[in-house]
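For reference, target06.cif is printed below; it contains mmCIF, C-alpha atoms.
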```cif
data_final
loop_
_atom_site.label_atom_id
_atom_site.label_comp_id
_atom_site.auth_asym_id
_atom_site.auth_seq_id
_atom_site.Cartn_x
_atom_site.Cartn_y
_atom_site.Cartn_z
CA MET A 1083 7.38 20.99 -1.46
CA THR A 1084 7.91 22.17 -5.03
CA ASN A 1085 5.58 21.93 -8.00
CA ASN A 1086 7.81 19.17 -9.39
CA ASP A 1087 7.32 17.10 -6.23
CA ILE A 1088 3.55 17.54 -6.40
CA PHE A 1089 3.53 16.60 -10.08
CA LYS A 1090 5.65 13.49 -9.42
CA LYS A 1091 3.46 12.34 -6.53
CA LEU A 1092 0.27 12.77 -8.57
CA ARG A 1093 1.82 10.84 -11.43
CA VAL A 1094 2.73 7.92 -9.16
CA ALA A 1095 -0.51 7.96 -7.15
CA LEU A 1096 -2.70 7.95 -10.26
CA MET A 1097 -0.43 5.51 -12.15
CA LEU A 1098 -0.10 7.80 -15.17
CA ARG A 1099 2.37 7.43 -18.02
CA ASP A 1100 3.88 10.37 -19.88
CA ASP A 1101 1.66 9.91 -22.94
CA GLN A 1102 -1.44 9.85 -20.71
CA ILE A 1103 -0.36 13.10 -19.04
CA VAL A 1104 0.09 14.72 -22.47
CA GLU A 1105 -3.45 13.62 -23.43
CA ILE A 1106 -4.84 14.92 -20.13
CA LEU A 1107 -3.19 18.32 -20.67
CA GLU A 1108 -4.71 18.51 -24.15
CA LEU A 1109 -8.17 18.50 -22.53
CA VAL A 1110 -7.55 22.12 -21.51
CA ASP A 1111 -5.73 22.99 -24.78
CA PHE A 1112 -2.30 22.97 -23.13
CA ARG A 1113 0.27 21.37 -25.40
CA ILE A 1114 3.48 19.92 -24.03
CA THR A 1115 5.90 17.34 -25.43
CA LYS A 1116 7.04 14.17 -23.68
CA SER A 1117 10.61 15.46 -23.48
CA GLU A 1118 9.49 18.66 -21.74
CA LEU A 1119 7.37 16.59 -19.40
CA GLY A 1120 10.29 14.24 -18.68
CA ALA A 1121 12.41 17.23 -17.64
CA PHE A 1122 9.98 17.90 -14.78
CA PHE A 1123 10.43 14.36 -13.43
CA ARG A 1124 14.24 14.34 -13.49
CA ASP A 1125 16.50 14.67 -10.46
CA GLU A 1126 17.27 18.26 -9.44
CA LYS A 1127 21.00 17.69 -10.04
CA HIS A 1128 20.47 16.48 -13.62
CA GLU A 1129 21.58 18.86 -16.36
CA ASN A 1130 18.23 18.64 -18.21
CA TYR A 1131 16.12 19.24 -15.09
CA MET A 1132 13.50 21.95 -15.47
CA GLU A 1133 11.32 23.51 -12.80
CA CYS A 1134 7.59 23.01 -13.20
CA GLY A 1135 5.93 26.38 -13.30
CA ASP A 1136 2.67 27.30 -11.64
CA GLN A 1137 0.93 27.52 -15.02
CA VAL A 1138 1.81 23.96 -16.00
CA LEU A 1139 0.69 22.50 -12.65
CA ARG A 1140 -2.51 24.59 -12.63
CA ASN A 1141 -3.40 23.43 -16.16
CA PHE A 1142 -2.64 19.81 -15.24
CA LEU A 1143 -4.87 19.94 -12.15
CA ASN A 1144 -7.73 21.52 -14.12
CA ALA A 1145 -7.36 18.92 -16.88
CA LEU A 1146 -7.18 16.13 -14.30
CA VAL A 1147 -10.53 17.20 -12.87
CA ILE A 1148 -12.07 17.04 -16.34
CA HIS A 1149 -10.36 13.70 -17.04
CA LEU A 1150 -11.56 12.04 -13.83
CA ARG A 1151 -14.97 13.64 -13.31
CA GLY A 1152 -15.92 14.51 -16.87
CA THR A 1153 -17.90 17.58 -17.81
CA LYS A 1154 -21.32 18.70 -16.64
CA GLU A 1155 -22.89 17.40 -19.84
CA ASN A 1156 -20.98 14.11 -19.80
CA PRO A 1157 -20.09 13.10 -16.18
CA LYS A 1158 -17.79 10.15 -15.42
CA SER A 1159 -17.10 8.03 -12.37
CA PRO A 1160 -13.50 8.59 -11.15
CA THR A 1161 -13.23 4.99 -9.92
CA ASP A 1162 -13.99 3.69 -13.42
CA VAL A 1163 -11.33 5.96 -14.92
CA LEU A 1164 -8.71 4.87 -12.37
CA ALA A 1165 -9.59 1.19 -12.88
CA LYS A 1166 -9.10 1.68 -16.61
CA HIS A 1167 -5.64 3.15 -15.99
CA LYS A 1168 -4.73 0.25 -13.73
CA ALA A 1169 -5.83 -2.27 -16.37
CA GLN A 1170 -3.61 -0.60 -18.98
CA ILE A 1171 -0.46 -1.06 -16.90
CA PRO A 1172 1.41 -4.15 -18.15
CA ALA A 1173 2.30 -6.75 -15.51
CA LYS A 1174 5.99 -7.24 -14.78
CA GLU A 1175 7.42 -10.52 -16.03
CA GLY A 1176 9.37 -11.27 -12.85
CA SER A 1177 6.55 -10.56 -10.44
CA LYS A 1178 4.27 -13.25 -9.13
CA ASP A 1179 0.56 -12.79 -9.58
CA ARG A 1180 -0.84 -12.64 -6.10
CA PRO A 1181 -4.41 -11.96 -5.11
CA GLU A 1182 -5.24 -8.52 -3.74
CA PHE A 1183 -5.76 -8.28 0.00
CA LYS A 1184 -9.42 -8.13 0.90
CA ALA A 1185 -10.48 -7.51 4.46
CA LYS A 1186 -13.01 -9.95 5.88
CA GLN A 1187 -16.28 -8.54 7.05
CA LYS A 1188 -17.09 -8.95 10.72
CA ASP A 1189 -20.01 -11.08 11.72
CA GLU A 1190 -21.93 -8.47 13.67
CA GLU A 1191 -24.51 -10.85 15.14
CA GLY A 1192 -21.99 -13.50 16.17
CA ALA A 1193 -19.47 -11.03 17.58
CA ARG A 1194 -21.89 -9.49 20.10
CA GLY A 1195 -21.43 -12.25 22.65
CA ASP A 1196 -24.99 -12.32 23.96
CA LYS A 1197 -26.07 -15.13 21.68
CA PRO A 1198 -24.62 -18.61 21.44
CA GLY A 1199 -22.06 -19.04 18.70
CA GLY A 1200 -20.47 -15.66 19.36
CA LYS A 1201 -17.23 -14.74 21.04
CA ALA A 1202 -18.47 -15.93 24.44
CA THR A 1203 -18.20 -19.58 23.39
CA ALA A 1204 -14.88 -18.89 21.72
CA LYS A 1205 -13.49 -17.67 25.03
CA ALA A 1206 -14.70 -20.78 26.84
CA ASP A 1207 -12.84 -22.92 24.31
CA TYR A 1208 -9.76 -20.81 24.81
CA LYS A 1209 -9.68 -21.45 28.55
CA LYS A 1210 -9.19 -25.17 28.07
CA LYS A 1211 -5.61 -26.17 28.55
CA PRO A 1212 -4.10 -28.20 25.77
CA SER A 1213 -3.18 -31.73 26.72
CA PHE A 1214 0.33 -32.74 25.79
CA LYS A 1215 1.26 -36.40 25.53
CA LYS A 1216 4.28 -37.28 27.59
CA GLY A 1217 6.75 -39.73 26.17
CA PRO A 1218 8.71 -42.33 28.14
CA ALA A 1219 10.49 -40.99 31.23
CA LYS A 1220 14.16 -40.29 30.75
CA THR A 1221 16.66 -42.06 32.94
CA PRO A 1222 19.07 -39.71 34.73
CA VAL A 1223 22.59 -39.74 33.41
CA VAL A 1224 24.21 -38.59 36.67
CA GLU A 1225 23.20 -39.75 40.14
CA LYS A 1226 21.85 -37.20 42.58
CA VAL A 1227 24.51 -36.07 44.98
CA LYS A 1228 23.96 -34.14 48.19
CA TYR A 1229 26.54 -31.48 48.94
CA ASN A 1230 27.27 -30.38 52.47
CA PHE A 1231 29.33 -27.31 51.56
CA GLY A 1232 31.92 -28.02 54.20
CA LYS A 1233 29.45 -28.66 57.03
CA ASN A 1234 29.72 -31.92 58.89
CA LYS A 1235 26.46 -33.24 60.23
CA LYS A 1236 26.55 -35.85 62.96
#
```
The structure in this file should be written as structure tokens.
Amino acid sequence: MTNNDIFKKLRVALMLRDDQIVEILELVDFRITKSELGAFFRDEKHENYMECGDQVLRNFLNALVIHLRGTKENPKSPTDVLAKHKAQIPAKEGSKDRPEFKAKQKDEEGARGDKPGGKATAKADYKKKPSFKKGPAKTPVVEKVKYNFGKNKK
């Protein structure tokens, strides 16, 4: 895995735009333009592709730590910083707004099965067979015929 791959994956995972990456790199006094930064994210076969050096990735990682955690004097919560980035991303016009998936918490007391109202009663309900209503009986279209298969019975 190359430095460019690592840089790309961090950019996607942290939902960072190019201008945000430039600001992050300025935290450690490393100046880079958007066009130089864009060259790191291009396809390897592109004519303007440029390899990301160790120095650039090292400075980005050090700046990212300062950006997410803050300094000793002024600490930050990384979850707040990431939530702020997520809020800045504009919603796509074609996408439907759907609620985020939230896992339901298990009912620990009810799931034990030793008290009524738990899974033990749920299993008893499960054992009941469903009753299906039968409609009117169908009349046979063809009469029943007995075949002898060539055997004559007398």
Taking only C-alpha atoms into account, which of A:Glu1118, A:Glu1105, A:Asp1162, A:Asp1111 comes nearest Gly1135 of chain A?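 Going through A:Glu1118, A:Glu1105, A:Asp1162, A:Asp1111 one by one, the smallest distance to Gly1135 of chain A is for A:Glu1118.
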Can you tell me which residues surround Arg1099 of chain A at a distance of at most 12 Å, considering all atoms listed in the file, apart from same-chain residues fewer than 2 positions away, and format the answer as a PDB file with C-alpha atoms, in the frame of the given file?
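Just written: selection_25.pdb:
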```pdb
ATOM      1  CA  LYS A1090       5.650  13.490  -9.420  1.00  0.00           C
ATOM      2  CA  LEU A1092       0.270  12.770  -8.570  1.00  0.00           C
ATOM      3  CA  ARG A1093       1.820  10.840 -11.430  1.00  0.00           C
ATOM      4  CA  VAL A1094       2.730   7.920  -9.160  1.00  0.00           C
ATOM      5  CA  ALA A1095      -0.510   7.960  -7.150  1.00  0.00           C
ATOM      6  CA  LEU A1096      -2.700   7.950 -10.260  1.00  0.00           C
ATOM      7  CA  MET A1097      -0.430   5.510 -12.150  1.00  0.00           C
ATOM      8  CA  ASP A1101       1.660   9.910 -22.940  1.00  0.00           C
ATOM      9  CA  GLN A1102      -1.440   9.850 -20.710  1.00  0.00           C
ATOM     10  CA  ILE A1103      -0.360  13.100 -19.040  1.00  0.00           C
ATOM     11  CA  VAL A1104       0.090  14.720 -22.470  1.00  0.00           C
ATOM     12  CA  GLU A1105      -3.450  13.620 -23.430  1.00  0.00           C
ATOM     13  CA  ILE A1106      -4.840  14.920 -20.130  1.00  0.00           C
ATOM     14  CA  LYS A1116       7.040  14.170 -23.680  1.00  0.00           C
ATOM     15  CA  LEU A1119       7.370  16.590 -19.400  1.00  0.00           C
ATOM     16  CA  GLY A1120      10.290  14.240 -18.680  1.00  0.00           C
ATOM     17  CA  PHE A1123      10.430  14.360 -13.430  1.00  0.00           C
ATOM     18  CA  HIS A1167      -5.640   3.150 -15.990  1.00  0.00           C
ATOM     19  CA  LYS A1168      -4.730   0.250 -13.730  1.00  0.00           C
ATOM     20  CA  GLN A1170      -3.610  -0.600 -18.980  1.00  0.00           C
ATOM     21  CA  ILE A1171      -0.460  -1.060 -16.900  1.00  0.00           C
ATOM     22  CA  PRO A1172       1.410  -4.150 -18.150  1.00  0.00           C
TER      23      PRO A1172
END
```
Starting from the displayed file, determine the output of the PyMOL selection byres ((chain A and resi 1150) around 10) and express the residue list as a ChimeraX atom specification. /A:1106,1145-1149,1151-1153,1157-1164
One-decimal distance in Å that lies between atom CA of Val1110 of chain A and atom CA of Asn1144 of chain A: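 Distance between the two atoms: 7.4 Å.
The space separating atom CA of Phe1089 of chain A from atom CA of Leu1139 of chain A comes to 7.0 Å.
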I'd like to know which of A:Phe1112, A:Asn1085, A:Lys1166, A:Lys1127 is closest to Leu1098 of chain A, using only C-alpha atoms.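 The answer is A:Lys1166, which sits nearest to Leu1098 of chain A.
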One-decimal distance in Å that lies between atom CA of Phe1142 of chain A and atom CA of Glu1129 of chain A: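 Distance between the two atoms: 24.3 Å.
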